[in-house]
file work.cif (mmCIF, C-alpha atoms)
data_start
#
loop_
_atom_site.label_atom_id
_atom_site.label_comp_id
_atom_site.auth_asym_id
_atom_site.auth_seq_id
_atom_site.Cartn_x
_atom_site.Cartn_y
_atom_site.Cartn_z
CA MET D 1 -1.52 -38.17 6.83
CA THR D 2 -4.96 -36.90 7.82
CA CYS D 3 -6.28 -33.34 7.65
CA ALA D 4 -6.09 -33.21 11.45
CA ASP D 5 -2.38 -34.02 11.17
CA ARG D 6 -1.96 -31.22 8.65
CA LYS D 7 -3.47 -28.56 10.91
CA ASP D 8 -0.24 -27.81 12.79
CA LEU D 9 1.82 -28.02 9.63
CA LEU D 10 -0.41 -25.43 7.97
CA LEU D 11 0.25 -23.07 10.85
CA LEU D 12 4.01 -23.50 10.38
CA TYR D 13 3.58 -23.09 6.62
CA ALA D 14 1.72 -19.80 7.08
CA PHE D 15 4.79 -18.56 8.97
CA ASP D 16 7.22 -19.87 6.31
CA GLN D 17 8.60 -22.32 8.82
CA LEU D 18 8.52 -25.46 6.70
CA GLU D 19 11.27 -26.72 4.49
CA PRO D 20 10.39 -26.96 0.78
CA ASP D 21 10.15 -30.75 0.92
CA GLU D 22 7.69 -30.43 3.82
CA SER D 23 5.56 -27.72 2.26
CA ARG D 24 5.35 -29.18 -1.25
CA PRO D 25 2.92 -32.05 -0.49
CA LEU D 26 0.98 -29.80 1.86
CA VAL D 27 0.46 -27.15 -0.82
CA ALA D 28 -0.50 -29.81 -3.33
CA HIS D 29 -3.12 -31.13 -0.93
CA VAL D 30 -4.58 -27.64 -0.31
CA GLU D 31 -4.59 -26.87 -4.01
CA SER D 32 -6.45 -30.11 -4.65
CA GLY D 33 -9.39 -28.33 -3.03
CA CYS D 34 -9.64 -29.95 0.40
CA PRO D 35 -12.18 -27.69 2.15
CA VAL D 36 -10.93 -28.56 5.64
CA CYS D 37 -7.33 -27.62 4.89
CA ILE D 38 -8.31 -24.54 2.90
CA GLY D 39 -10.16 -23.36 5.99
CA GLU D 40 -7.26 -24.26 8.28
CA LEU D 41 -4.81 -22.39 6.05
CA ALA D 42 -7.06 -19.33 6.08
CA ALA D 43 -7.15 -19.50 9.88
CA ALA D 44 -3.37 -19.93 10.00
CA ARG D 45 -2.91 -16.92 7.75
CA ALA D 46 -5.24 -14.94 9.97
CA ILE D 47 -2.96 -15.76 12.90
CA ALA D 48 0.01 -14.64 10.82
CA GLY D 49 -1.92 -11.48 10.02
CA HIS D 50 -2.33 -10.85 13.74
CA MET D 51 1.44 -11.17 14.17
CA ALA D 52 1.79 -8.35 11.66
CA LEU D 53 -0.06 -6.07 14.02
CA LEU D 54 2.88 -6.18 16.43
CA ALA D 55 4.28 -3.56 14.12
CA PRO D 56 2.82 -0.20 15.10
CA PRO D 57 0.76 1.44 12.37
CA ALA D 58 2.49 4.25 10.52
CA THR D 59 1.36 6.73 7.93
CA PRO D 60 2.97 6.57 4.50
CA SER D 61 3.51 9.86 2.72
CA PRO D 62 0.64 11.06 0.49
CA ARG D 63 2.76 10.43 -2.56
CA VAL D 64 2.33 6.67 -2.05
CA LYS D 65 -1.41 6.92 -2.64
CA ALA D 66 -0.86 9.27 -5.54
CA LYS D 67 1.56 6.80 -7.10
CA LEU D 68 -0.87 3.94 -6.48
CA LEU D 69 -3.77 5.76 -8.09
CA ALA D 70 -1.64 6.87 -10.99
CA ALA D 71 -0.42 3.31 -11.51
CA THR D 72 -3.91 1.85 -11.51
CA VAL D 73 -5.58 4.30 -13.85
CA GLU D 74 -7.90 2.59 -16.28
CA ARG D 75 -6.67 4.45 -19.26
CA GLY D 76 -9.18 6.20 -21.45
CA LYS D 77 -7.57 8.75 -23.65
CA THR D 78 -8.96 12.21 -24.28
CA PRO D 79 -7.29 13.46 -27.48
CA TRP D 80 -6.08 17.01 -27.47
CA MET D 81 -8.17 17.83 -30.51
CA GLN D 82 -11.28 16.84 -28.60
CA VAL D 83 -10.27 19.16 -25.83
CA ALA D 84 -9.63 21.98 -28.21
CA ALA D 85 -12.84 21.30 -30.12
CA ALA D 86 -12.93 24.21 -32.47
CA ALA D 87 -13.20 26.70 -29.69
CA ALA D 88 -11.98 30.21 -29.98
CA ILE D 89 -8.97 30.76 -27.81
CA ALA D 90 -9.02 33.91 -25.84
CA ALA D 91 -6.17 36.34 -26.02
CA ALA D 92 -3.37 36.23 -23.56
CA ILE D 93 -4.49 35.48 -20.07
CA THR D 94 -2.17 36.12 -17.23
CA ALA D 95 -1.18 33.14 -15.22
CA VAL D 96 -2.65 33.69 -11.82
CA ALA D 97 -2.09 30.43 -10.06
CA ILE D 98 0.64 29.91 -7.57
CA LEU D 99 2.73 26.78 -7.59
CA VAL D 100 4.31 25.89 -4.30
CA PRO D 101 5.99 22.77 -3.01
CA THR D 102 4.01 20.64 -0.58
CA GLN D 103 5.38 20.88 2.93
CA ARG D 104 2.34 20.20 5.01
CA GLY D 105 1.35 18.06 7.94
CA VAL D 106 0.79 14.57 6.61
CA ASN D 107 -2.29 13.78 8.64
CA ALA D 108 -3.95 17.08 7.86
CA LEU D 109 -3.22 16.58 4.20
CA ARG D 110 -4.56 13.04 4.26
CA ALA D 111 -7.80 14.28 5.79
CA GLU D 112 -8.11 16.93 3.13
CA LEU D 113 -7.36 14.47 0.36
CA ALA D 114 -9.96 12.06 1.69
CA ALA D 115 -12.64 14.74 1.39
CA ALA D 116 -11.47 16.12 -1.92
CA ARG D 117 -12.94 15.68 -5.37
CA VAL D 118 -10.60 13.57 -7.47
CA VAL D 119 -9.69 14.32 -11.07
CA SER D 120 -7.77 11.68 -13.02
CA MET D 121 -5.33 12.72 -15.71
CA ALA D 122 -4.13 10.18 -18.24
CA GLY D 123 -1.01 10.28 -20.34
CA ALA D 124 -1.57 11.47 -23.91
CA GLU D 125 0.08 10.08 -27.01
CA ALA D 126 3.39 11.76 -26.25
CA GLN D 127 3.83 9.70 -23.08
CA PRO D 128 0.99 7.24 -22.46
CA GLN D 129 2.66 5.83 -19.36
CA ALA D 130 2.24 9.12 -17.50
CA ALA D 131 -0.65 9.78 -15.15
CA ALA D 132 -1.71 12.25 -12.50
CA ARG D 133 -4.29 12.78 -9.84
CA ILE D 134 -5.72 16.10 -8.75
CA PHE D 135 -7.36 16.22 -5.34
CA TRP D 136 -9.57 19.27 -5.60
CA ASP D 137 -10.33 20.91 -2.29
CA GLU D 138 -13.24 22.97 -3.56
CA PRO D 139 -14.03 24.90 -0.35
CA LYS D 140 -10.44 26.14 -0.19
CA GLY D 141 -10.04 26.51 -3.94
CA VAL D 142 -6.89 24.39 -3.99
CA TRP D 143 -5.64 21.58 -6.21
CA HIS D 144 -3.23 19.02 -4.75
CA VAL D 145 -1.59 17.62 -7.85
CA TYR D 146 0.40 14.37 -7.94
CA VAL D 147 2.16 13.39 -11.14
CA ALA D 148 3.79 10.03 -11.81
CA ASN D 149 5.68 8.25 -14.58
CA MET D 150 6.50 11.40 -16.57
CA LYS D 151 9.68 11.76 -18.52
CA PRO D 152 11.97 14.56 -17.37
CA THR D 153 11.95 17.41 -19.87
CA ASP D 154 14.93 18.36 -21.97
CA PRO D 155 16.99 21.36 -20.81
CA GLY D 156 15.22 24.62 -21.63
CA ARG D 157 11.81 22.98 -21.50
CA THR D 158 9.20 22.68 -18.77
CA TYR D 159 5.80 21.20 -18.11
CA GLN D 160 2.89 23.60 -17.78
CA LEU D 161 -0.46 22.85 -16.19
CA TRP D 162 -3.61 24.44 -17.59
CA PHE D 163 -7.11 25.10 -16.36
CA ILE D 164 -9.46 24.80 -19.35
CA THR D 165 -12.92 26.26 -19.05
CA PRO D 166 -16.05 24.92 -20.78
CA ASP D 167 -15.69 27.67 -23.41
CA GLN D 168 -12.12 26.50 -24.07
CA GLN D 169 -10.25 29.32 -22.41
CA LYS D 170 -6.85 28.05 -21.28
CA ILE D 171 -5.47 29.57 -18.14
CA SER D 172 -2.00 28.72 -16.90
CA ALA D 173 -1.87 27.01 -13.55
CA GLY D 174 1.92 27.20 -13.43
CA THR D 175 4.95 25.23 -14.51
CA PHE D 176 6.65 22.25 -12.95
CA ALA D 177 9.44 19.76 -13.48
CA VAL D 178 9.73 16.10 -12.63
CA GLY D 179 12.77 14.43 -11.17
CA ARG D 180 14.61 11.34 -12.30
CA ARG D 181 11.83 9.18 -10.90
CA GLY D 182 9.22 10.95 -12.95
CA VAL D 183 7.13 12.24 -10.08
CA SER D 184 6.10 15.67 -8.94
CA GLU D 185 3.67 17.04 -6.43
CA MET D 186 2.37 20.55 -6.06
CA VAL D 187 -0.33 22.69 -4.59
CA VAL D 188 -2.11 24.97 -7.04
CA VAL D 189 -4.36 27.80 -5.93
CA VAL D 190 -7.36 27.99 -8.23
CA PRO D 191 -7.94 31.64 -9.10
CA ARG D 192 -11.14 33.10 -7.69
CA GLY D 193 -13.68 34.03 -10.31
CA ILE D 194 -12.35 31.60 -12.86
CA GLY D 195 -15.74 29.90 -13.05
CA PRO D 196 -16.20 26.24 -13.94
CA ILE D 197 -13.18 24.22 -15.03
CA ALA D 198 -13.93 21.51 -17.57
CA VAL D 199 -10.53 20.04 -18.23
CA ALA D 200 -7.04 19.99 -16.73
CA ALA D 201 -4.16 19.51 -19.13
CA VAL D 202 -0.37 19.54 -19.11
CA THR D 203 1.70 20.60 -22.09
CA GLU D 204 5.44 20.76 -22.66
CA GLU D 205 6.60 24.32 -23.18
CA PRO D 206 9.73 26.51 -23.23
CA ALA D 207 11.26 27.06 -19.78
CA GLY D 208 9.41 29.74 -17.88
CA GLY D 209 6.08 28.88 -19.42
CA VAL D 210 3.92 30.57 -22.02
CA PRO D 211 0.67 32.57 -21.87
CA GLN D 212 -1.12 30.06 -24.07
CA PRO D 213 -0.26 26.43 -24.82
CA THR D 214 2.00 25.83 -27.80
CA GLY D 215 3.42 22.37 -27.16
CA ALA D 216 2.11 18.85 -27.33
CA ILE D 217 -0.30 17.79 -24.64
CA GLN D 218 1.20 15.34 -22.18
CA LEU D 219 -1.57 14.74 -19.66
CA VAL D 220 -5.25 15.48 -19.77
CA GLY D 221 -8.29 14.83 -17.62
CA LYS D 222 -11.86 15.96 -17.45
CA THR D 223 -12.89 17.49 -14.18
CA MET O 1 -12.52 3.37 7.75
CA THR O 2 -15.96 4.78 8.12
CA PRO O 3 -16.65 5.02 11.85
CA ALA O 4 -20.37 4.56 11.38
CA SER O 5 -19.94 1.30 9.52
CA PRO O 6 -21.71 -1.49 11.41
CA ASP O 7 -19.54 -4.27 10.01
CA PRO O 8 -16.03 -3.30 8.97
CA ALA O 9 -15.14 -6.83 7.93
CA ALA O 10 -18.11 -7.01 5.54
CA ASP O 11 -17.09 -3.63 4.12
CA ASP O 12 -13.62 -4.97 3.36
CA PHE O 13 -15.07 -7.85 1.39
CA GLY O 14 -17.26 -5.37 -0.48
CA LEU O 15 -14.21 -3.29 -1.33
CA MET O 16 -12.44 -6.37 -2.67
CA GLU O 17 -15.46 -7.04 -4.87
CA GLY O 18 -15.25 -3.45 -6.09
CA ILE O 19 -11.57 -3.92 -6.90
CA ALA O 20 -12.40 -7.08 -8.84
CA ALA O 21 -14.86 -4.95 -10.82
CA ARG O 22 -12.05 -2.42 -11.50
CA ASP O 23 -13.54 0.26 -9.28
CA GLN O 24 -10.62 2.48 -8.39
CA GLY O 25 -12.70 4.13 -5.68
CA ALA O 26 -12.80 0.78 -3.89
CA LEU O 27 -9.03 0.54 -4.11
CA SER O 28 -8.71 4.06 -2.74
CA ALA O 29 -11.02 3.23 0.16
CA LEU O 30 -9.18 -0.01 0.94
CA TYR O 31 -5.91 1.91 0.93
CA ASP O 32 -7.33 4.52 3.29
CA ARG O 33 -8.47 1.83 5.69
CA HIS O 34 -5.42 -0.39 5.78
CA SER O 35 -2.38 1.46 4.45
CA SER O 36 -1.22 2.36 7.95
CA ALA O 37 -1.20 -1.31 9.00
CA VAL O 38 0.46 -2.40 5.76
CA PHE O 39 3.04 0.39 5.85
CA GLY O 40 3.69 -0.18 9.56
CA LEU O 41 4.48 -3.82 8.84
CA CYS O 42 6.69 -3.00 5.85
CA LEU O 43 8.52 -0.39 7.89
CA ARG O 44 9.05 -2.83 10.76
CA ILE O 45 10.55 -5.39 8.41
CA LEU O 46 12.57 -3.07 6.19
CA ARG O 47 13.47 -0.29 8.69
CA GLU O 48 13.81 2.10 5.81
CA ARG O 49 10.99 4.47 5.05
CA GLU O 50 11.37 4.94 1.33
CA GLU O 51 11.68 1.23 0.62
CA ALA O 52 8.74 0.51 2.94
CA GLU O 53 6.65 3.00 0.98
CA GLU O 54 7.59 1.30 -2.27
CA ALA O 55 6.62 -2.07 -0.81
CA THR O 56 3.31 -0.64 0.43
CA CYS O 57 2.51 0.68 -3.02
CA ASP O 58 3.44 -2.70 -4.54
CA VAL O 59 1.05 -4.49 -2.16
CA PHE O 60 -1.95 -2.42 -3.19
CA ILE O 61 -1.03 -2.56 -6.87
CA GLU O 62 -0.87 -6.34 -6.58
CA ALA O 63 -4.22 -6.39 -4.79
CA TRP O 64 -5.60 -4.36 -7.69
CA ASN O 65 -4.05 -6.55 -10.38
CA ARG O 66 -5.10 -9.80 -8.70
CA GLY O 67 -8.40 -8.57 -7.33
CA SER O 68 -10.49 -10.80 -9.53
CA ARG O 69 -8.73 -13.82 -8.06
CA PHE O 70 -9.35 -12.90 -4.43
CA ASP O 71 -11.27 -15.73 -2.78
CA ARG O 72 -13.23 -14.81 0.34
CA GLU O 73 -13.11 -18.45 1.45
CA ARG O 74 -9.37 -18.14 1.84
CA GLY O 75 -9.33 -15.36 4.39
CA HIS O 76 -10.14 -11.81 5.38
CA PRO O 77 -8.90 -9.00 3.11
CA LEU O 78 -6.79 -7.51 5.90
CA ALA O 79 -5.06 -10.85 6.51
CA TYR O 80 -4.57 -11.11 2.74
CA LEU O 81 -3.01 -7.63 2.56
CA LEU O 82 -0.78 -8.19 5.57
CA ASN O 83 0.46 -11.56 4.34
CA LEU O 84 1.14 -10.00 0.96
CA ALA O 85 2.94 -7.11 2.66
CA ARG O 86 5.10 -9.43 4.71
CA SER O 87 5.94 -11.50 1.67
CA ARG O 88 6.92 -8.49 -0.45
CA ALA O 89 8.86 -6.83 2.35
CA ILE O 90 10.73 -10.04 3.20
CA ASP O 91 11.60 -10.46 -0.50
CA ARG O 92 13.10 -6.98 -0.47
CA LEU O 93 14.88 -7.65 2.82
CA ARG O 94 16.42 -10.84 1.46
CA THR O 95 17.53 -9.06 -1.69
CA ARG O 96 19.13 -6.37 0.43
CA THR O 97 20.68 -8.94 2.74
CA ARG O 98 22.13 -10.85 -0.19
CA ARG O 99 23.64 -7.58 -1.35
CA GLN O 100 25.09 -6.85 2.03
CA LYS O 101 25.94 -10.49 2.75
CA LEU O 102 25.15 -9.75 6.34
CA PHE O 103 22.56 -10.98 8.76
CA VAL O 104 22.27 -8.98 11.93
CA VAL O 105 19.89 -9.50 14.81
CA ARG O 106 18.67 -5.99 15.40
CA ASP O 107 18.45 -4.59 18.83
CA ASP O 108 14.87 -4.03 19.98
CA GLU O 109 15.59 -0.32 20.27
CA GLU O 110 16.30 -0.19 16.55
CA THR O 111 12.96 -1.64 15.64
CA LYS O 112 10.91 0.94 17.48
CA GLN O 113 8.56 2.98 15.38
CA THR O 114 6.52 5.97 16.26
CA PRO O 115 2.91 4.82 16.33
CA ASP O 116 0.55 6.57 14.01
CA ALA O 117 -1.10 9.13 16.24
CA GLY O 118 -4.70 9.63 15.38
CA SER O 119 -4.82 9.12 11.64
CA PRO O 120 -8.33 10.09 10.61
CA LEU O 121 -8.46 6.96 8.52
CA ALA O 122 -7.26 4.55 11.19
CA ASP O 123 -9.11 1.29 11.32
CA SER O 124 -10.65 0.39 14.67
CA MET O 125 -10.83 -3.23 13.60
CA THR O 126 -7.05 -3.50 13.63
CA SER O 127 -7.02 -1.99 17.11
CA GLN O 128 -9.27 -4.76 18.36
CA MET O 129 -7.14 -7.39 16.66
CA ARG O 130 -4.02 -5.81 18.10
CA SER O 131 -5.46 -6.01 21.62
CA ARG O 132 -6.19 -9.70 21.13
CA LEU O 133 -2.70 -10.29 19.82
CA THR O 134 -1.18 -8.54 22.83
CA ARG O 135 -3.11 -10.85 25.13
CA ALA O 136 -2.11 -13.89 23.07
CA LEU O 137 1.57 -12.96 23.14
CA ALA O 138 1.46 -12.27 26.84
CA VAL O 139 1.12 -15.99 27.53
CA LEU O 140 4.21 -16.87 25.50
CA GLN O 141 7.62 -17.35 27.05
CA PRO O 142 10.09 -14.60 26.07
CA GLY O 143 12.16 -17.09 24.08
CA GLN O 144 9.13 -18.21 22.11
CA LYS O 145 8.13 -14.65 21.33
CA LYS O 146 11.65 -13.67 20.27
CA ALA O 147 11.95 -16.67 17.96
CA LEU O 148 8.56 -15.92 16.41
CA GLU O 149 9.47 -12.28 15.84
CA LEU O 150 12.72 -13.23 14.11
CA ALA O 151 10.85 -15.70 11.94
CA TYR O 152 8.06 -13.31 11.09
CA PHE O 153 9.71 -9.90 10.82
CA ASP O 154 13.19 -10.94 9.69
CA GLY O 155 12.15 -13.85 7.53
CA MET O 156 14.73 -16.07 9.18
CA SER O 157 14.71 -19.83 8.82
CA HIS O 158 15.01 -22.12 11.85
CA SER O 159 18.72 -22.51 11.31
CA GLU O 160 19.27 -18.76 10.89
CA ILE O 161 17.40 -18.08 14.13
CA ALA O 162 19.42 -20.76 15.91
CA SER O 163 22.61 -19.15 14.66
CA ALA O 164 21.48 -15.64 15.55
CA LEU O 165 20.42 -16.58 19.07
CA GLY O 166 23.24 -19.06 19.65
CA GLU O 167 20.81 -21.81 20.50
CA PRO O 168 20.45 -25.41 19.30
CA LEU O 169 18.33 -25.89 16.19
CA GLY O 170 16.02 -28.31 17.98
CA THR O 171 15.32 -25.77 20.72
CA VAL O 172 14.42 -23.11 18.17
CA LYS O 173 12.10 -25.45 16.27
CA THR O 174 10.35 -26.42 19.48
CA ARG O 175 9.98 -22.82 20.59
CA ILE O 176 8.47 -21.73 17.30
CA ARG O 177 6.10 -24.66 17.08
CA GLN O 178 4.96 -24.37 20.69
CA GLY O 179 4.70 -20.60 20.45
CA LEU O 180 2.52 -20.78 17.36
CA LEU O 181 0.27 -23.45 18.85
CA ARG O 182 -0.11 -21.41 22.03
CA MET O 183 -0.91 -18.31 20.01
CA ARG O 184 -3.52 -20.16 18.03
CA GLU O 185 -5.05 -21.56 21.20
CA THR O 186 -5.28 -18.13 22.84
CA LEU O 187 -6.58 -16.34 19.75
CA SER O 188 -9.15 -19.08 19.19
CA ALA O 189 -10.39 -18.56 22.72
CA GLU O 190 -10.46 -14.79 22.14
CA TYR O 191 -12.62 -15.17 19.06
CA GLY O 192 -14.82 -17.88 20.53
CA GLU O 193 -14.61 -20.46 17.80
CA GLY O 194 -11.47 -20.14 15.81
CA VAL O 195 -9.53 -17.18 14.58
CA ALA O 196 -11.51 -14.84 12.39
CA SER O 197 -10.42 -15.16 8.83
#
call {"tool": "encode", "arguments": {"input": "work.cif", "output": "structure tokens"}}
result
Amino acid sequence: MTCADRKDLLLLYAFDQLEPDESRPLVAHVESGCPVCIGELAAARAIAGHMALLAPPATPSPRVKAKLLAATVERGKTPWMQVAAAAAIAAAITAVAILVPTQRGVNALRAELAAARVVSMAGAEAQPQAAARIFWDEPKGVWHVYVANMKPTDPGRTYQLWFITPDQQKISAGTFAVGRRGVSEMVVVVPRGIGPIAVAAVTEEPAGGVPQPTGAIQLVGKT
Amino acid sequence: MTPASPDPAADDFGLMEGIAARDQGALSALYDRHSSAVFGLCLRILREREEAEEATCDVFIEAWNRGSRFDRERGHPLAYLLNLARSRAIDRLRTRTRRQKLFVVRDDEETKQTPDAGSPLADSMTSQMRSRLTRALAVLQPGQKKALELAYFDGMSHSEIASALGEPLGTVKTRIRQGLLRMRETLSAEYGEGVAS
């Protein structure tokens, strides 16, 4: 069989329309490095790719991108002690952020996310598989937070998100829970006048939250 | 995509290089450019939004994990993503079908999706490709097009298509082969010298 003979077969192969005993020698030939057939297979796959475009485009929910980014984090841990770094902790600071569920227009949100500053949060020792992304809409003073792969808390416990300033003040950004699938998404209003935020962190705390962190850090990321 | 980009295809290759270098920003940009095409395909195959979203995420995770092995000689990144998407979605469909032990030819009405209206990240390159595909399919006979759609979107074999359409196996094989050759011929003419890959 010549490469010219294989051209039509490669087109059928790209559409999964060959039986295994037909495709086996064809694949072996391509994998042997034949430049003609490698090119023909690429062209056949391009035709298959065109067929895919019969399906109208559709917009996945923003949580798909959040999950993707969380799943592909190149993990570099920031230990809690580094974050704390011998700083004096201010006395009780009232939590001023508002935590609300996301119920927004998908396209509008996508546009906002595309323009936002992104903060990566990695899982700490307590749950290294966890990750989160914060899309920080600085002009509006809003964080869109997407959490993935977190363990649900025990009853009577909650997760609490913290703004941490360069001088180590810890300001509650609110509490949240994750479902069975370990994901959560929220919109957090950054309090006006808070000044620079150096770190975002999540701790596990008693239900209802606490004025200052007491539990183990679960997620942390430098802004 | 970036509207001002002079060469979207070249940008896609650059993004794949970024992914190979573990640049998550490149992955994010590739997702922004092509997730609507990938998700649209997964949704068309799976007809179930949540599962299509899972498949879409899997496609980009796989692109990330295998980025260093992407070979530009073997095709355009969009074709790579769409072929990966079809493969993953068909795998899920077959798993579901095995569970249900049921193969149903869906009515065209069921497969309709609401097109993505004006996503700010929509890729104009796919619009051009879609226009070329529409012209290429227009020259196919209805039977050829139907058989191709069942093969592509439902992952059916020749014999399954023959059974679903109540037609002889030989007829189905001929339709698919002739339909594909005709498509290739028309797309090659559209692109001048062979389908862009």
call {"tool": "atom_distance", "arguments": {"input": "work.cif", "atom1": "atom CA of Ala37 of chain O", "atom2": "atom CA of Pro57 of chain D"}}
result
4.8 Å
call {"tool": "residues_around", "arguments": {"input": "work.cif", "residues": "segment 22-31 of chain O", "least_positions_apart": "3", "cutoff": "8 Å", "atoms": "only C-alpha atoms", "output": "ChimeraX atom specification"}}
result
/D:65,69,72-73 /O:1,12,15-16,18-19,34-35,60,64
call {"tool": "atom_distance", "arguments": {"input": "work.cif", "atom1": "atom CA of Gly170 of chain O", "atom2": "atom CA of Leu84 of chain O"}}
result
29.1 Å
call {"tool": "resolve_selection", "arguments": {"input": "work.cif", "expression": "the PyMOL selection byres ((chain O and resi 178-182) around 10)", "output": "compact mmCIF listing (two decimals) with C-alpha atoms, in the coordinates of the input"}}
result
# COMPACT_ATOMS: atom_id res chain seq x y z
CA ASP D 8 -0.24 -27.81 12.79
CA LEU D 11 0.25 -23.07 10.85
CA LEU D 12 4.01 -23.50 10.38
CA PHE D 15 4.79 -18.56 8.97
CA ALA D 44 -3.37 -19.93 10.00
CA ILE D 47 -2.96 -15.76 12.90
CA ALA D 48 0.01 -14.64 10.82
CA ALA O 136 -2.11 -13.89 23.07
CA LEU O 137 1.57 -12.96 23.14
CA VAL O 139 1.12 -15.99 27.53
CA LEU O 140 4.21 -16.87 25.50
CA GLN O 141 7.62 -17.35 27.05
CA PRO O 142 10.09 -14.60 26.07
CA GLY O 143 12.16 -17.09 24.08
CA GLN O 144 9.13 -18.21 22.11
CA LYS O 145 8.13 -14.65 21.33
CA LYS O 146 11.65 -13.67 20.27
CA ALA O 147 11.95 -16.67 17.96
CA LEU O 148 8.56 -15.92 16.41
CA VAL O 172 14.42 -23.11 18.17
CA LYS O 173 12.10 -25.45 16.27
CA THR O 174 10.35 -26.42 19.48
CA ARG O 175 9.98 -22.82 20.59
CA ILE O 176 8.47 -21.73 17.30
CA ARG O 177 6.10 -24.66 17.08
CA MET O 183 -0.91 -18.31 20.01
CA ARG O 184 -3.52 -20.16 18.03
CA GLU O 185 -5.05 -21.56 21.20
CA THR O 186 -5.28 -18.13 22.84
CA LEU O 187 -6.58 -16.34 19.75
CA SER O 188 -9.15 -19.08 19.19
call {"tool": "residues_around", "arguments": {"input": "work.cif", "residues": "Thr223 of chain D", "least_positions_apart": "4", "cutoff": "6 Å", "atoms": "only C-alpha atoms", "output": "ChimeraX atom specification"}}
result
/D:119,198-199
call {"tool": "write_last_selection", "arguments": {"input": "work.cif", "atoms": "C-alpha atoms", "output": "PDB file, keeping the file's coordinate frame"}}
result
ATOM      1  CA  VAL D 119      -9.690  14.320 -11.070  1.00  0.00           C
ATOM      2  CA  ALA D 198     -13.930  21.510 -17.570  1.00  0.00           C
ATOM      3  CA  VAL D 199     -10.530  20.040 -18.230  1.00  0.00           C
TER       4      VAL D 199
END
call {"tool": "resolve_selection", "arguments": {"input": "work.cif", "expression": "the PyMOL selection byres ((chain D) within 9 of (chain O))", "output": "PyMOL selection string"}}
result
chain D and resi 8+11-12+14-19+38-39+41-61+64-65+67-69+71-74+107-108+110-111+114
call {"tool": "atom_distance", "arguments": {"input": "work.cif", "atom1": "atom CA of Gly221 of chain D", "atom2": "atom CA of Thr165 of chain D"}}
result
12.4 Å
call {"tool": "resolve_selection", "arguments": {"input": "work.cif", "expression": "the PyMOL selection byres ((chain D and resi 192) around 12)", "output": "PDB file with C-alpha atoms, in the coordinates of the input"}}
result
ATOM      1  CA  VAL D  96      -2.650  33.690 -11.820  1.00  0.00           C
ATOM      2  CA  ALA D  97      -2.090  30.430 -10.060  1.00  0.00           C
ATOM      3  CA  GLU D 138     -13.240  22.970  -3.560  1.00  0.00           C
ATOM      4  CA  PRO D 139     -14.030  24.900  -0.350  1.00  0.00           C
ATOM      5  CA  LYS D 140     -10.440  26.140  -0.190  1.00  0.00           C
ATOM      6  CA  GLY D 141     -10.040  26.510  -3.940  1.00  0.00           C
ATOM      7  CA  VAL D 142      -6.890  24.390  -3.990  1.00  0.00           C
ATOM      8  CA  VAL D 189      -4.360  27.800  -5.930  1.00  0.00           C
ATOM      9  CA  VAL D 190      -7.360  27.990  -8.230  1.00  0.00           C
ATOM     10  CA  PRO D 191      -7.940  31.640  -9.100  1.00  0.00           C
ATOM     11  CA  GLY D 193     -13.680  34.030 -10.310  1.00  0.00           C
ATOM     12  CA  ILE D 194     -12.350  31.600 -12.860  1.00  0.00           C
ATOM     13  CA  GLY D 195     -15.740  29.900 -13.050  1.00  0.00           C
ATOM     14  CA  PRO D 196     -16.200  26.240 -13.940  1.00  0.00           C
ATOM     15  CA  ILE D 197     -13.180  24.220 -15.030  1.00  0.00           C
TER      16      ILE D 197
END
call {"tool": "closest_residue", "arguments": {"input": "work.cif", "among": "D:Val147, D:Leu10, D:Ala207, D:Val36", "to": "Ile134 of chain D", "atoms": "only C-alpha atoms"}}
result
D:Val147
call {"tool": "axis_aligned_box", "arguments": {"input": "work.cif", "around": "segment 213-216 of chain D", "padding_each_side": "8 Å", "output": "AutoDock Vina command-line options"}}
result
--center_x 1.6 --center_y 22.6 --center_z -26.3 --size_x 19.7 --size_y 23.6 --size_z 19.0
call {"tool": "residues_around", "arguments": {"input": "work.cif", "residues": "Leu26 of chain D", "least_positions_apart": "4", "cutoff": "10 Å", "atoms": "only C-alpha atoms", "output": "list in words"}}
result
Cys3, Arg6, Leu9, Leu10, Tyr13, Leu18, Pro20, Asp21, Glu22, Val30, Glu31, Ser32 and Cys37 of chain D
